[in-house]
Every structure is written in structure tokens, then in C-alpha cells.
>>> print(open('start_16.tsv').read())   # TSV, C-alpha atoms and all ligand atoms
chain	number	residue	atom	x	y	z
A	1	MET	CA	-3.45	-2.01	4.15
A	2	THR	CA	-5.55	-5.14	4.60
A	3	SER	CA	-7.06	-8.09	2.74
A	4	LYS	CA	-10.64	-9.33	2.75
A	5	ILE	CA	-9.36	-12.89	2.68
A	6	ARG	CA	-9.02	-15.19	5.66
A	7	THR	CA	-7.53	-18.60	5.12
A	8	LEU	CA	-8.04	-20.18	8.57
A	9	ASP	CA	-10.00	-19.68	11.77
A	10	TRP	CA	-9.96	-21.34	15.17
A	11	ASP	CA	-13.49	-22.27	16.21
A	12	ASP	CA	-13.59	-23.36	19.91
A	13	ASP	CA	-12.51	-26.95	19.41
A	14	ALA	CA	-11.68	-27.22	15.71
A	15	LEU	CA	-9.64	-25.55	13.00
A	16	LEU	CA	-11.54	-24.20	10.01
A	17	LEU	CA	-9.62	-24.04	6.75
A	18	LEU	CA	-10.71	-22.28	3.58
A	19	ASP	CA	-10.65	-25.11	1.04
A	20	GLN	CA	-8.10	-23.79	-1.45
A	21	ARG	CA	-8.53	-26.83	-3.70
A	22	GLN	CA	-11.94	-25.53	-4.66
A	23	LEU	CA	-11.02	-21.91	-5.37
A	24	PRO	CA	-11.93	-19.94	-7.37
A	25	LEU	CA	-15.04	-21.94	-8.25
A	26	ARG	CA	-16.41	-22.37	-4.74
A	27	THR	CA	-15.82	-20.91	-1.30
A	28	ALA	CA	-16.03	-23.82	1.12
A	29	TRP	CA	-14.53	-24.51	4.54
A	30	VAL	CA	-13.06	-27.74	5.89
A	31	ARG	CA	-13.44	-28.46	9.61
A	32	CYS	CA	-10.45	-30.21	11.20
A	33	ALA	CA	-11.23	-31.81	14.56
A	34	THR	CA	-8.00	-33.81	15.00
A	35	ALA	CA	-4.29	-33.37	14.32
A	36	ASP	CA	-4.57	-36.03	11.62
A	37	ASP	CA	-7.33	-34.00	9.92
A	38	VAL	CA	-4.91	-31.07	9.85
A	39	ALA	CA	-2.05	-33.23	8.52
A	40	SER	CA	-4.16	-34.55	5.68
A	41	ALA	CA	-5.49	-31.06	4.88
A	42	ILE	CA	-1.89	-29.84	4.63
A	43	HIS	CA	-0.83	-32.78	2.49
A	44	GLY	CA	-3.89	-32.45	0.25
A	45	LEU	CA	-3.40	-28.66	-0.29
A	46	VAL	CA	-6.61	-27.59	1.45
A	47	VAL	CA	-4.25	-25.14	3.11
A	48	ARG	CA	-0.92	-24.34	1.48
A	49	GLY	CA	1.80	-21.71	1.48
A	50	ALA	CA	4.67	-22.01	3.96
A	51	PRO	CA	3.49	-19.60	6.69
A	52	ALA	CA	-0.14	-20.78	6.51
A	53	ILE	CA	0.79	-24.44	6.89
A	54	GLY	CA	2.94	-23.49	9.88
A	55	VAL	CA	0.02	-21.69	11.54
A	56	ALA	CA	-2.35	-24.57	10.73
A	57	ALA	CA	0.10	-27.12	12.13
A	58	GLY	CA	0.39	-25.07	15.33
A	59	TYR	CA	-3.38	-25.48	15.77
A	60	GLY	CA	-2.94	-29.14	14.81
A	61	MET	CA	-0.84	-29.51	17.95
A	62	VAL	CA	-3.67	-27.98	20.01
A	63	LEU	CA	-6.01	-30.65	18.64
A	64	ALA	CA	-3.42	-33.32	19.41
A	65	ALA	CA	-3.26	-32.10	23.03
A	66	PHE	CA	-7.08	-32.21	23.27
A	67	THR	CA	-7.05	-35.83	22.12
A	68	ASP	CA	-4.18	-37.11	24.25
A	69	PRO	CA	-1.75	-34.79	26.09
A	70	SER	CA	0.78	-37.52	26.95
A	71	ASP	CA	4.39	-37.01	25.80
A	72	ALA	CA	4.28	-40.06	23.56
A	73	ALA	CA	1.03	-39.10	21.84
A	74	LEU	CA	2.14	-35.49	21.29
A	75	GLU	CA	5.43	-36.60	19.77
A	76	GLU	CA	3.60	-39.01	17.46
A	77	ALA	CA	1.21	-36.26	16.35
A	78	ALA	CA	4.11	-33.85	15.84
A	79	SER	CA	5.90	-36.31	13.54
A	80	ARG	CA	2.76	-36.93	11.51
A	81	LEU	CA	2.16	-33.20	11.09
A	82	LYS	CA	5.78	-32.56	10.10
A	83	ALA	CA	5.68	-35.37	7.55
A	84	ALA	CA	2.67	-33.84	5.77
A	85	ARG	CA	4.92	-31.71	3.55
A	86	PRO	CA	8.72	-31.76	3.67
A	87	THR	CA	9.95	-28.55	2.03
A	88	ALA	CA	8.37	-25.61	3.91
A	89	VAL	CA	10.40	-25.35	7.10
A	90	ASN	CA	7.70	-23.22	8.76
A	91	LEU	CA	5.74	-26.43	9.30
A	92	ALA	CA	8.35	-28.14	11.48
A	93	TRP	CA	9.24	-24.81	13.06
A	94	ALA	CA	5.67	-24.20	14.28
A	95	VAL	CA	5.11	-27.78	15.45
A	96	ASP	CA	8.37	-27.80	17.43
A	97	ARG	CA	7.62	-24.38	18.89
A	98	VAL	CA	4.28	-25.56	20.32
A	99	LEU	CA	5.72	-28.89	21.45
A	100	ASP	CA	8.61	-27.16	23.25
A	101	VAL	CA	6.37	-24.85	25.27
A	102	ILE	CA	3.83	-27.49	26.30
A	103	ARG	CA	6.31	-30.18	27.30
A	104	SER	CA	7.12	-28.38	30.53
A	105	GLU	CA	3.40	-28.13	31.49
A	106	PRO	CA	1.44	-30.82	33.31
A	107	PRO	CA	-0.67	-32.83	30.82
A	108	SER	CA	-3.94	-31.26	32.07
A	109	ASP	CA	-2.74	-27.76	31.09
A	110	ARG	CA	-1.17	-28.63	27.75
A	111	ALA	CA	-4.12	-28.02	25.42
A	112	ALA	CA	-4.76	-24.54	26.84
A	113	ARG	CA	-1.06	-23.64	26.64
A	114	ALA	CA	-0.84	-24.99	23.09
A	115	LEU	CA	-3.80	-22.82	22.08
A	116	THR	CA	-2.13	-19.70	23.47
A	117	GLU	CA	1.05	-20.50	21.55
A	118	ALA	CA	-0.79	-21.29	18.30
A	119	ARG	CA	-2.62	-17.96	18.57
A	120	HIS	CA	0.74	-16.20	19.08
A	121	ILE	CA	2.17	-17.87	15.97
A	122	GLU	CA	-0.86	-16.69	13.97
A	123	ALA	CA	-0.70	-13.11	15.28
A	124	GLU	CA	3.07	-12.92	14.78
A	125	ASP	CA	2.68	-14.08	11.19
A	126	ALA	CA	0.10	-11.37	10.48
A	127	ALA	CA	2.38	-8.72	12.00
A	128	ALA	CA	5.42	-10.08	10.11
A	129	CYS	CA	3.53	-9.74	6.82
A	130	LEU	CA	2.90	-6.04	7.47
A	131	ARG	CA	6.56	-5.40	8.26
A	132	MET	CA	7.73	-7.25	5.14
A	133	ALA	CA	5.21	-5.30	3.05
A	134	ALA	CA	6.67	-1.98	4.15
A	135	PHE	CA	10.32	-3.09	3.78
A	136	GLY	CA	9.64	-4.56	0.35
A	137	ALA	CA	7.67	-1.61	-1.02
A	138	ASP	CA	10.51	0.72	0.05
A	139	LEU	CA	12.82	-1.15	-2.35
A	140	LEU	CA	11.14	0.43	-5.37
A	141	PRO	CA	12.76	3.78	-6.08
A	142	GLY	CA	10.82	6.89	-7.16
A	143	ASP	CA	7.07	7.39	-7.08
A	144	GLU	CA	6.08	6.37	-10.60
A	145	PRO	CA	3.52	3.59	-11.27
A	146	VAL	CA	5.18	0.19	-11.66
A	147	GLU	CA	4.44	-3.23	-13.10
A	148	LEU	CA	5.47	-6.15	-10.89
A	149	MET	CA	5.58	-9.92	-11.30
A	150	THR	CA	5.07	-12.70	-8.76
A	151	HIS	CA	4.90	-16.50	-8.89
A	152	CYS	CA	2.54	-19.05	-7.33
A	153	ASN	CA	0.54	-17.57	-4.46
A	154	ALA	CA	2.39	-15.86	-1.64
A	155	GLY	CA	-0.61	-13.86	-0.50
A	156	ALA	CA	-3.25	-13.78	2.22
A	157	LEU	CA	-4.18	-17.31	1.18
A	158	ALA	CA	-0.66	-18.46	2.03
A	159	THR	CA	-0.29	-16.69	5.39
A	160	ALA	CA	-2.28	-15.48	8.38
A	161	GLY	CA	-1.96	-11.90	7.16
A	162	VAL	CA	-1.68	-9.91	3.93
A	163	GLY	CA	0.89	-12.24	2.42
A	164	THR	CA	4.64	-12.12	1.88
A	165	ALA	CA	5.36	-11.25	-1.78
A	166	LEU	CA	1.73	-10.31	-2.34
A	167	GLY	CA	1.80	-8.26	0.86
A	168	VAL	CA	4.56	-6.14	-0.67
A	169	ILE	CA	2.53	-5.83	-3.87
A	170	ARG	CA	-0.58	-4.81	-1.86
A	171	GLU	CA	1.51	-2.15	-0.12
A	172	VAL	CA	2.76	-0.83	-3.48
A	173	ALA	CA	-0.92	-0.62	-4.53
A	174	ALA	CA	-1.82	1.14	-1.27
A	175	ARG	CA	0.86	3.71	-2.08
A	176	GLY	CA	-0.92	4.32	-5.39
A	177	ARG	CA	1.87	2.86	-7.53
A	178	LEU	CA	0.71	-0.54	-8.78
A	179	GLN	CA	-0.03	-0.34	-12.48
A	180	ARG	CA	-0.12	-4.05	-13.10
A	181	LEU	CA	0.61	-7.35	-11.37
A	182	TRP	CA	1.77	-10.13	-13.71
A	183	ALA	CA	0.78	-13.56	-12.39
A	184	PRO	CA	2.05	-16.75	-14.06
A	185	GLU	CA	-0.47	-19.59	-13.77
A	186	ALA	CA	1.96	-21.90	-11.86
A	187	ARG	CA	1.43	-25.33	-13.39
A	188	PRO	CA	0.84	-28.02	-12.31
A	189	VAL	CA	-1.50	-27.07	-9.48
A	190	LEU	CA	-2.23	-23.58	-10.82
A	191	GLN	CA	-1.86	-21.54	-7.63
A	192	GLY	CA	-1.27	-18.46	-9.81
A	193	ALA	CA	-4.41	-18.93	-11.89
A	194	ARG	CA	-6.72	-20.29	-9.22
A	195	LEU	CA	-5.47	-18.40	-6.17
A	196	THR	CA	-3.38	-15.31	-6.95
A	197	ALA	CA	-5.71	-14.14	-9.72
A	198	TRP	CA	-8.74	-14.68	-7.44
A	199	GLU	CA	-7.11	-13.08	-4.39
A	200	ALA	CA	-5.93	-10.05	-6.37
A	201	MET	CA	-9.37	-9.53	-7.86
A	202	GLN	CA	-11.07	-9.87	-4.45
A	203	ASP	CA	-8.85	-7.07	-3.17
A	204	GLY	CA	-9.03	-4.88	-6.29
A	205	LEU	CA	-5.43	-5.33	-7.49
A	206	PRO	CA	-4.92	-4.96	-11.26
A	207	VAL	CA	-3.80	-8.49	-12.11
A	208	THR	CA	-2.93	-10.00	-15.49
A	209	LEU	CA	-2.77	-13.78	-15.62
A	210	MET	CA	-0.47	-15.50	-18.12
A	211	ALA	CA	0.81	-18.95	-18.94
A	212	ASP	CA	4.14	-19.66	-17.22
A	213	THR	CA	5.74	-19.78	-20.65
A	214	ALA	CA	4.82	-16.12	-21.33
A	215	ALA	CA	6.81	-14.74	-18.39
A	216	ALA	CA	10.17	-14.61	-20.19
A	217	SER	CA	8.90	-12.32	-22.96
A	218	VAL	CA	7.22	-10.04	-20.43
A	219	LEU	CA	10.47	-9.74	-18.50
A	220	ARG	CA	12.41	-9.07	-21.70
A	221	SER	CA	9.99	-6.28	-22.65
A	222	GLY	CA	11.40	-4.05	-19.91
A	223	ARG	CA	7.99	-3.24	-18.45
A	224	VAL	CA	8.46	-5.13	-15.15
A	225	ALA	CA	10.21	-3.11	-12.39
A	226	ALA	CA	10.79	-6.11	-10.11
A	227	VAL	CA	9.81	-9.68	-9.36
A	228	PHE	CA	8.64	-10.50	-5.82
A	229	VAL	CA	8.25	-14.17	-4.82
A	230	GLY	CA	7.80	-16.05	-1.55
A	231	ALA	CA	9.85	-18.97	-0.22
A	232	ASP	CA	9.30	-22.32	1.42
A	233	ARG	CA	12.79	-22.57	2.83
A	234	ILE	CA	15.89	-20.41	2.58
A	235	ALA	CA	19.26	-22.03	3.27
A	236	ALA	CA	22.04	-20.31	5.20
A	237	ASP	CA	23.79	-19.35	1.95
A	238	GLY	CA	20.65	-17.66	0.57
A	239	SER	CA	19.52	-20.51	-1.72
A	240	VAL	CA	15.76	-20.33	-2.05
A	241	ALA	CA	13.30	-23.22	-2.34
A	242	ASN	CA	10.01	-21.97	-3.74
A	243	LYS	CA	7.26	-23.10	-6.11
A	244	VAL	CA	8.62	-24.88	-9.17
A	245	GLY	CA	9.07	-22.27	-11.87
A	246	THR	CA	10.71	-19.73	-9.56
A	247	TYR	CA	14.22	-20.63	-10.74
A	248	PRO	CA	13.50	-20.04	-14.44
A	249	LEU	CA	11.93	-16.67	-13.57
A	250	ALA	CA	15.08	-15.74	-11.61
A	251	VAL	CA	17.33	-16.74	-14.52
A	252	VAL	CA	15.33	-14.68	-16.99
A	253	ALA	CA	15.05	-11.72	-14.61
A	254	SER	CA	18.82	-11.73	-14.19
A	255	ARG	CA	19.34	-11.96	-17.98
A	256	HIS	CA	17.22	-8.82	-18.43
A	257	GLY	CA	18.42	-6.85	-15.40
A	258	VAL	CA	15.12	-7.08	-13.50
A	259	PRO	CA	15.58	-7.12	-9.69
A	260	PHE	CA	14.48	-10.44	-8.17
A	261	TYR	CA	13.30	-10.19	-4.56
A	262	VAL	CA	12.39	-13.04	-2.19
A	263	VAL	CA	10.00	-12.13	0.64
A	264	ALA	CA	9.75	-14.45	3.65
A	265	PRO	CA	9.57	-14.29	7.45
A	266	VAL	CA	12.63	-15.40	9.40
A	267	SER	CA	10.74	-18.61	10.27
A	268	THR	CA	11.38	-19.62	6.63
A	269	VAL	CA	15.16	-19.32	7.01
A	270	ASP	CA	16.84	-22.60	7.94
A	271	LEU	CA	20.38	-21.94	9.14
A	272	ASP	CA	20.80	-25.70	9.66
A	273	ALA	CA	20.68	-26.13	5.88
A	274	PRO	CA	24.08	-24.83	4.72
A	275	SER	CA	23.02	-24.70	1.06
A	276	GLY	CA	20.16	-25.59	-1.26
A	277	GLU	CA	21.42	-29.18	-1.52
A	278	ALA	CA	20.29	-29.75	2.08
A	279	ILE	CA	16.67	-28.76	1.34
A	280	PRO	CA	14.31	-31.68	0.63
A	281	ILE	CA	12.26	-31.00	-2.48
A	282	GLU	CA	8.79	-32.53	-2.32
A	283	GLU	CA	7.73	-34.67	-5.28
A	284	ARG	CA	3.98	-34.93	-5.65
A	285	ASP	CA	1.50	-37.25	-7.31
A	286	ALA	CA	1.96	-37.78	-11.04
A	287	ASP	CA	-1.72	-37.10	-11.69
A	288	GLU	CA	-1.19	-33.43	-10.81
A	289	VAL	CA	0.67	-33.23	-14.14
A	290	ARG	CA	-1.34	-35.78	-16.11
A	291	GLN	CA	-4.67	-34.16	-15.23
A	292	ILE	CA	-6.27	-30.81	-14.57
A	293	ARG	CA	-9.12	-30.98	-12.06
A	294	GLY	CA	-9.47	-34.69	-12.74
A	295	VAL	CA	-9.60	-34.31	-16.53
A	296	ALA	CA	-6.83	-36.22	-18.33
A	297	ILE	CA	-4.54	-34.05	-20.45
A	298	ALA	CA	-1.86	-36.70	-21.02
A	299	PRO	CA	-1.71	-40.47	-21.49
A	300	PRO	CA	-2.88	-41.91	-18.15
A	301	ASN	CA	0.27	-43.95	-17.55
A	302	VAL	CA	2.92	-41.59	-18.86
A	303	THR	CA	5.98	-41.31	-16.62
A	304	VAL	CA	5.99	-37.96	-14.85
A	305	PHE	CA	8.48	-35.80	-12.93
A	306	ASN	CA	6.55	-33.59	-10.52
A	307	PRO	CA	8.72	-31.61	-8.10
A	308	ALA	CA	6.58	-29.10	-6.18
A	309	PHE	CA	9.50	-26.71	-5.69
A	310	ASP	CA	12.79	-25.68	-7.23
A	311	LEU	CA	15.98	-24.09	-5.94
A	312	THR	CA	17.11	-20.63	-6.92
A	313	PRO	CA	20.82	-20.07	-6.23
A	314	PRO	CA	21.76	-17.03	-4.14
A	315	GLU	CA	23.56	-15.24	-6.98
A	316	LEU	CA	20.22	-14.75	-8.74
A	317	VAL	CA	18.52	-13.20	-5.70
A	318	THR	CA	18.86	-9.41	-5.52
A	319	ALA	CA	17.72	-9.23	-1.87
A	320	ILE	CA	15.75	-11.19	0.70
A	321	VAL	CA	13.04	-9.20	2.48
A	322	THR	CA	12.32	-10.54	5.98
A	323	ASP	CA	10.23	-9.26	8.85
A	324	ARG	CA	13.47	-8.19	10.54
A	325	GLY	CA	14.81	-6.23	7.58
A	326	ILE	CA	16.50	-6.78	4.25
A	327	ALA	CA	19.36	-9.16	3.63
A	328	ARG	CA	21.67	-8.60	0.65
A	329	PRO	CA	24.57	-10.72	-0.58
A	330	PRO	CA	26.69	-12.23	0.82
A	331	TYR	CA	23.71	-13.98	2.44
A	332	GLY	CA	25.94	-16.28	4.50
A	333	GLU	CA	26.75	-13.22	6.62
A	334	THR	CA	23.64	-11.06	6.33
A	335	LEU	CA	21.05	-13.77	7.06
A	336	ALA	CA	22.97	-14.97	10.11
A	337	ALA	CA	23.17	-11.36	11.34
A	338	LEU	CA	19.41	-10.85	10.90
A	339	LEU	CA	18.57	-14.05	12.77
B	1	LIG	O1	2.72	-25.91	-2.93
B	1	LIG	P1	2.36	-24.61	-2.28
B	1	LIG	O2	1.15	-23.96	-2.87
B	1	LIG	O3	2.27	-24.72	-0.77
B	1	LIG	O4	3.60	-23.67	-2.59
B	1	LIG	C1	3.58	-22.36	-2.10
B	1	LIG	C2	4.76	-21.56	-2.47
B	1	LIG	O5	5.67	-22.02	-3.12
B	1	LIG	C3	4.84	-20.17	-1.91
B	1	LIG	O6	5.50	-19.31	-2.77
B	1	LIG	C4	5.57	-20.19	-0.56
B	1	LIG	O7	5.05	-21.17	0.28
B	1	LIG	C5	5.53	-18.90	0.12
B	1	LIG	S1	3.90	-18.49	0.66
B	1	LIG	C6	3.95	-17.01	1.46
>>> encode(input="start_16.tsv", output="C-alpha cells", more="lines below")
Ligand code: MRU
Amino acid sequence: MTSKIRTLDWDDDALLLLDQRQLPLRTAWVRCATADDVASAIHGLVVRGAPAIGVAAGYGMVLAAFTDPSDAALEEAASRLKAARPTAVNLAWAVDRVLDVIRSEPPSDRAARALTEARHIEAEDAAACLRMAAFGADLLPGDEPVELMTHCNAGALATAGVGTALGVIREVAARGRLQRLWAPEARPVLQGARLTAWEAMQDGLPVTLMADTAAASVLRSGRVAAVFVGADRIAADGSVANKVGTYPLAVVASRHGVPFYVVAPVSTVDLDAPSGEAIPIEERDADEVRQIRGVAIAPPNVTVFNPAFDLTPPELVTAIVTDRGIARPPYGETLAALL
């Protein structure tokens, strides 16, 4: 099971990122030659999705070591990369991982060592996606065709592999069982409409796009066997930060008895955050809500609340699918055991 889509590529002395802001209208690549280029690409959503921004930030540290391998410069670059987006813990995890391994090297060897580590992070993410895909697809009993729902984009575009939630859905399709994938559009930035719909169509998955507001009726209809979503950070108690709109889907799924699965590598689990309250939720520019692709859809100065993520409490999560296996409640015990 594979995907045609690649979201990033290392090219000798630069990181190439598929420009996700422009999808699905144009396929363009952004070349990042410095760590600051990578930080602004992450902040500006050229690359997005928790695992993908972790991998990109790992390469950002390689670029930082090319520019200036001194301790002080690397630490500066690491803080700027980590500040690019606050919620997805994979970002800080990858930056710290590269920083930790290169600190013990002499400055002249640091860039080469950073590159080896960044490549490992990328390869491990691709392998983790395949393991999650198999674990997640095994959760669906029987061998009948099923309809599934996702949210945002947790696919190849969001990882270095086949995706987390969308990796599971690809695997269900590879087993000949995917009748339909329901994809909410994911306002305000429309990752469902622009990215998941495009990615699914590129790879031949039967996708149906809908407004976010249509999801509740679809879940009530009884036609959806399960919801699979990704995560940006999972607290020790199993609280899940993911794209805003995940929590309402979990509430409605629970109301109608539809299993709600979260799919994420262990690098997304933050045992230092005891509960969801400890997870910083990014608030983004008001114009993301006031406009669509630069076209005003609201009064230009209206006050806006624009959280990029929301928190789903553990009691609404049926199971968490990781690359090391499946955690079920009580997550306080099962996540710690998996890690
Ligand atoms: O703001 P985004 O597009 O980076 O948000 C992405 C999500 O919320 C994803 O569901 C999450 O990062 C998991 S991606 C495998």
C-alpha cells in the first residue's frame, strides 16, 4: 500500500516542500535554504500536519548547522523552529532529537550528523505510518465494505509516508473494503476540501466532500462504521489536540455509537502534559476566518476567534492507534505502557 504523493524532499543543500497552500489548484515546490526559511514555511502552512512539520524541522536543523554549527547558533535556530507552531509536539520533538545528537559532535561534523538524523526521522515516520495503517485497519470487524469518516488532512501530505488516519483508510481500501470516505471541508483553512479530497482522488480513494456542518447528519444516518482522525498532541490522560472541529465530531460520534479512533505515532504523545489543559492551542490570523483565498466573506474588521485546534476529552476516544500498538482506556495507564 503506497501513495503517489510526496510532501518533502531533501535536495543536496536545501529542503524542498510541496506548497500545500496552493493545492489543489497548482502543484508548486518551495525551496528552503535556511532554518528560517523552514520556520516560516511551517508557520505559513506550506508544510503542515504534525509528523510532516517534525520531519521538515529536522531538516531545518541540518540547514542551521550548515549556516553556523556553533552551540549558540544552533540553539537559537532550534528555538525559532519550535516557535513556528506551538501545538504539534512532533515539531519540538524532532528539533530536540537532532540537537541532542549533534551537540556531542565537533562543530565541523555537525551538519553531516544532523542530516543522518533527519533522514532517520523521515524514514521512521514512513515506517510508523505503515504500522499504524495495519493496526488501524484490523480494528474494523468482518470483511464487508465500510464507509469511514476523517477530519482535516492526516494523510501523505501530513507525514513522510502514507499518513496516519488516512494511512488506515488507504489500508482499508487496499483490503478491498472502502466503500466511501467522508471528508469534512475543515474550515477555516479547508484542509479537508483542498488537501484530503485532492489526495484521495490522486490515489483513487472514493471520497465524498461535505461541509463540516453536514457531518452530524451523516453520523446519525448509521452509514459510517468508524471515524479515524490524526492528532497534533496527545496528553498523558489521552486528551487529544487535533484540527478544530474534531471535538464536535467526537461528541456526535459518541451520541450515535460510532467508534472514534485517533491515529498518531508515539512522537505525538506528550507524557509531560498531564491533561489537555497543558496543551497550548494555537490561535491563528483572523483573516483565515474573514477571507477565503484572499476574498472577503465577512466584514473586514469583525472580531474573530480562530483556534487552529480543539481538545477532545479521553472519554470520547474509543482507542488510540500508535505505531507501537493500540491504546484503550484508561489511557493514563495504556499510553505510558506503550511508550
Ligand atoms: O493546521 P494543520 O493543517 O497542521 O493541522 C493538521 C491536523 O490537525 C492533523 O490532523 C494532525 O496534524 C495530524 S496529521 C497526520
>>> axis_aligned_box(input="start_16.tsv", around="region 101-107 of chain A", padding_each_side="3 Å", output="lines of an AutoDock Vina configuration file")
center_x = 3.2
center_y = -28.8
center_z = 29.3
size_x = 13.8
size_y = 14.0
size_z = 14.0
>>> residues_around(input="start_16.tsv", residues="Leu195 (chain A)", least_positions_apart="5", cutoff="9 Å", atoms="only C-alpha atoms", output="ChimeraX atom specification")
/A:20,23-24,152-153,155,157,190,200
>>> closest_atom_pairs(input="start_16.tsv", of="region 110-188 of chain A", to="region 66-71 of chain A", cutoff="9 Å", atoms="only C-alpha atoms", output="JSON lines")
{"residue": "A:Arg110", "atom": "CA", "partner": "A:Pro69", "partner_atom": "CA", "distance": 6.4}
{"residue": "A:Ala111", "atom": "CA", "partner": "A:Phe66", "partner_atom": "CA", "distance": 5.6}
{"residue": "A:Ala112", "atom": "CA", "partner": "A:Phe66", "partner_atom": "CA", "distance": 8.8}
>>> closest_residue(input="start_16.tsv", among="A:Ala250, A:Val189, A:Val162, A:Ala134", to="Ala286 (chain A)", atoms="only C-alpha atoms")
A:Val189
>>> residues_near_ligand(input="start_16.tsv", ligand="ligand LIG 1 (chain B)", cutoff="7 Å", atoms="only C-alpha atoms and all ligand atoms", output="compact mmCIF listing (two decimals) with C-alpha atoms, in the frame of the given file")
# COMPACT_ATOMS: atom_id res chain seq x y z
CA LEU A 45 -3.40 -28.66 -0.29
CA ARG A 48 -0.92 -24.34 1.48
CA GLY A 49 1.80 -21.71 1.48
CA ALA A 50 4.67 -22.01 3.96
CA PRO A 51 3.49 -19.60 6.69
CA ALA A 88 8.37 -25.61 3.91
CA HIS A 151 4.90 -16.50 -8.89
CA CYS A 152 2.54 -19.05 -7.33
CA ASN A 153 0.54 -17.57 -4.46
CA ALA A 154 2.39 -15.86 -1.64
CA GLY A 155 -0.61 -13.86 -0.50
CA ALA A 158 -0.66 -18.46 2.03
CA THR A 159 -0.29 -16.69 5.39
CA GLY A 163 0.89 -12.24 2.42
CA THR A 164 4.64 -12.12 1.88
CA ALA A 165 5.36 -11.25 -1.78
CA GLN A 191 -1.86 -21.54 -7.63
CA VAL A 229 8.25 -14.17 -4.82
CA GLY A 230 7.80 -16.05 -1.55
CA ALA A 231 9.85 -18.97 -0.22
CA ASP A 232 9.30 -22.32 1.42
CA ASN A 242 10.01 -21.97 -3.74
CA LYS A 243 7.26 -23.10 -6.11
CA ALA A 264 9.75 -14.45 3.65
CA ALA A 308 6.58 -29.10 -6.18
CA PHE A 309 9.50 -26.71 -5.69
>>> atom_distance(input="start_16.tsv", atom1="CA of Arg233 (chain A)", atom2="CA of Ala78 (chain A)")
19.3 Å
>>> atom_distance(input="start_16.tsv", atom1="CA of Ala296 (chain A)", atom2="CA of Ala211 (chain A)")
18.9 Å
>>> decode(input="start_16.tsv", residues="region 247-253 of chain A", atoms="all heavy atoms", output="PDB file, in the first residue's frame")
ATOM      1  N   TYR A 247     -13.414  17.829  17.974  1.00  0.00           N
ATOM      2  CA  TYR A 247     -14.225  17.604  19.189  1.00  0.00           C
ATOM      3  C   TYR A 247     -15.717  17.455  18.865  1.00  0.00           C
ATOM      4  O   TYR A 247     -16.357  16.480  19.313  1.00  0.00           O
ATOM      5  CB  TYR A 247     -13.938  18.735  20.184  1.00  0.00           C
ATOM      6  CG  TYR A 247     -14.834  18.771  21.395  1.00  0.00           C
ATOM      7  CD1 TYR A 247     -15.051  17.629  22.155  1.00  0.00           C
ATOM      8  CD2 TYR A 247     -15.454  19.958  21.780  1.00  0.00           C
ATOM      9  CE1 TYR A 247     -15.884  17.671  23.279  1.00  0.00           C
ATOM     10  CE2 TYR A 247     -16.266  20.006  22.899  1.00  0.00           C
ATOM     11  CZ  TYR A 247     -16.488  18.861  23.635  1.00  0.00           C
ATOM     12  OH  TYR A 247     -17.301  18.906  24.720  1.00  0.00           O
ATOM     13  N   PRO A 248     -16.303  18.375  18.066  1.00  0.00           N
ATOM     14  CA  PRO A 248     -17.714  18.147  17.739  1.00  0.00           C
ATOM     15  C   PRO A 248     -17.959  16.822  17.022  1.00  0.00           C
ATOM     16  O   PRO A 248     -18.990  16.174  17.265  1.00  0.00           O
ATOM     17  CB  PRO A 248     -18.084  19.338  16.838  1.00  0.00           C
ATOM     18  CG  PRO A 248     -16.870  20.167  16.660  1.00  0.00           C
ATOM     19  CD  PRO A 248     -15.816  19.681  17.599  1.00  0.00           C
ATOM     20  N   LEU A 249     -17.037  16.386  16.175  1.00  0.00           N
ATOM     21  CA  LEU A 249     -17.234  15.080  15.521  1.00  0.00           C
ATOM     22  C   LEU A 249     -17.246  13.964  16.561  1.00  0.00           C
ATOM     23  O   LEU A 249     -18.046  13.024  16.468  1.00  0.00           O
ATOM     24  CB  LEU A 249     -16.080  14.779  14.555  1.00  0.00           C
ATOM     25  CG  LEU A 249     -16.089  15.368  13.158  1.00  0.00           C
ATOM     26  CD1 LEU A 249     -14.918  14.786  12.357  1.00  0.00           C
ATOM     27  CD2 LEU A 249     -17.404  15.074  12.450  1.00  0.00           C
ATOM     28  N   ALA A 250     -16.337  14.069  17.560  1.00  0.00           N
ATOM     29  CA  ALA A 250     -16.260  13.028  18.597  1.00  0.00           C
ATOM     30  C   ALA A 250     -17.538  12.997  19.433  1.00  0.00           C
ATOM     31  O   ALA A 250     -18.044  11.926  19.789  1.00  0.00           O
ATOM     32  CB  ALA A 250     -15.050  13.273  19.486  1.00  0.00           C
ATOM     33  N   VAL A 251     -18.088  14.181  19.731  1.00  0.00           N
ATOM     34  CA  VAL A 251     -19.329  14.241  20.518  1.00  0.00           C
ATOM     35  C   VAL A 251     -20.459  13.564  19.741  1.00  0.00           C
ATOM     36  O   VAL A 251     -21.205  12.732  20.278  1.00  0.00           O
ATOM     37  CB  VAL A 251     -19.701  15.710  20.830  1.00  0.00           C
ATOM     38  CG1 VAL A 251     -21.104  15.797  21.429  1.00  0.00           C
ATOM     39  CG2 VAL A 251     -18.680  16.339  21.768  1.00  0.00           C
ATOM     40  N   VAL A 252     -20.561  13.899  18.467  1.00  0.00           N
ATOM     41  CA  VAL A 252     -21.668  13.354  17.671  1.00  0.00           C
ATOM     42  C   VAL A 252     -21.463  11.850  17.446  1.00  0.00           C
ATOM     43  O   VAL A 252     -22.416  11.065  17.498  1.00  0.00           O
ATOM     44  CB  VAL A 252     -21.805  14.125  16.333  1.00  0.00           C
ATOM     45  CG1 VAL A 252     -22.888  13.509  15.477  1.00  0.00           C
ATOM     46  CG2 VAL A 252     -22.104  15.597  16.598  1.00  0.00           C
ATOM     47  N   ALA A 253     -20.222  11.444  17.216  1.00  0.00           N
ATOM     48  CA  ALA A 253     -19.952  10.011  17.025  1.00  0.00           C
ATOM     49  C   ALA A 253     -20.370   9.238  18.276  1.00  0.00           C
ATOM     50  O   ALA A 253     -21.015   8.188  18.198  1.00  0.00           O
ATOM     51  CB  ALA A 253     -18.471   9.793  16.721  1.00  0.00           C
TER      52      ALA A 253
END
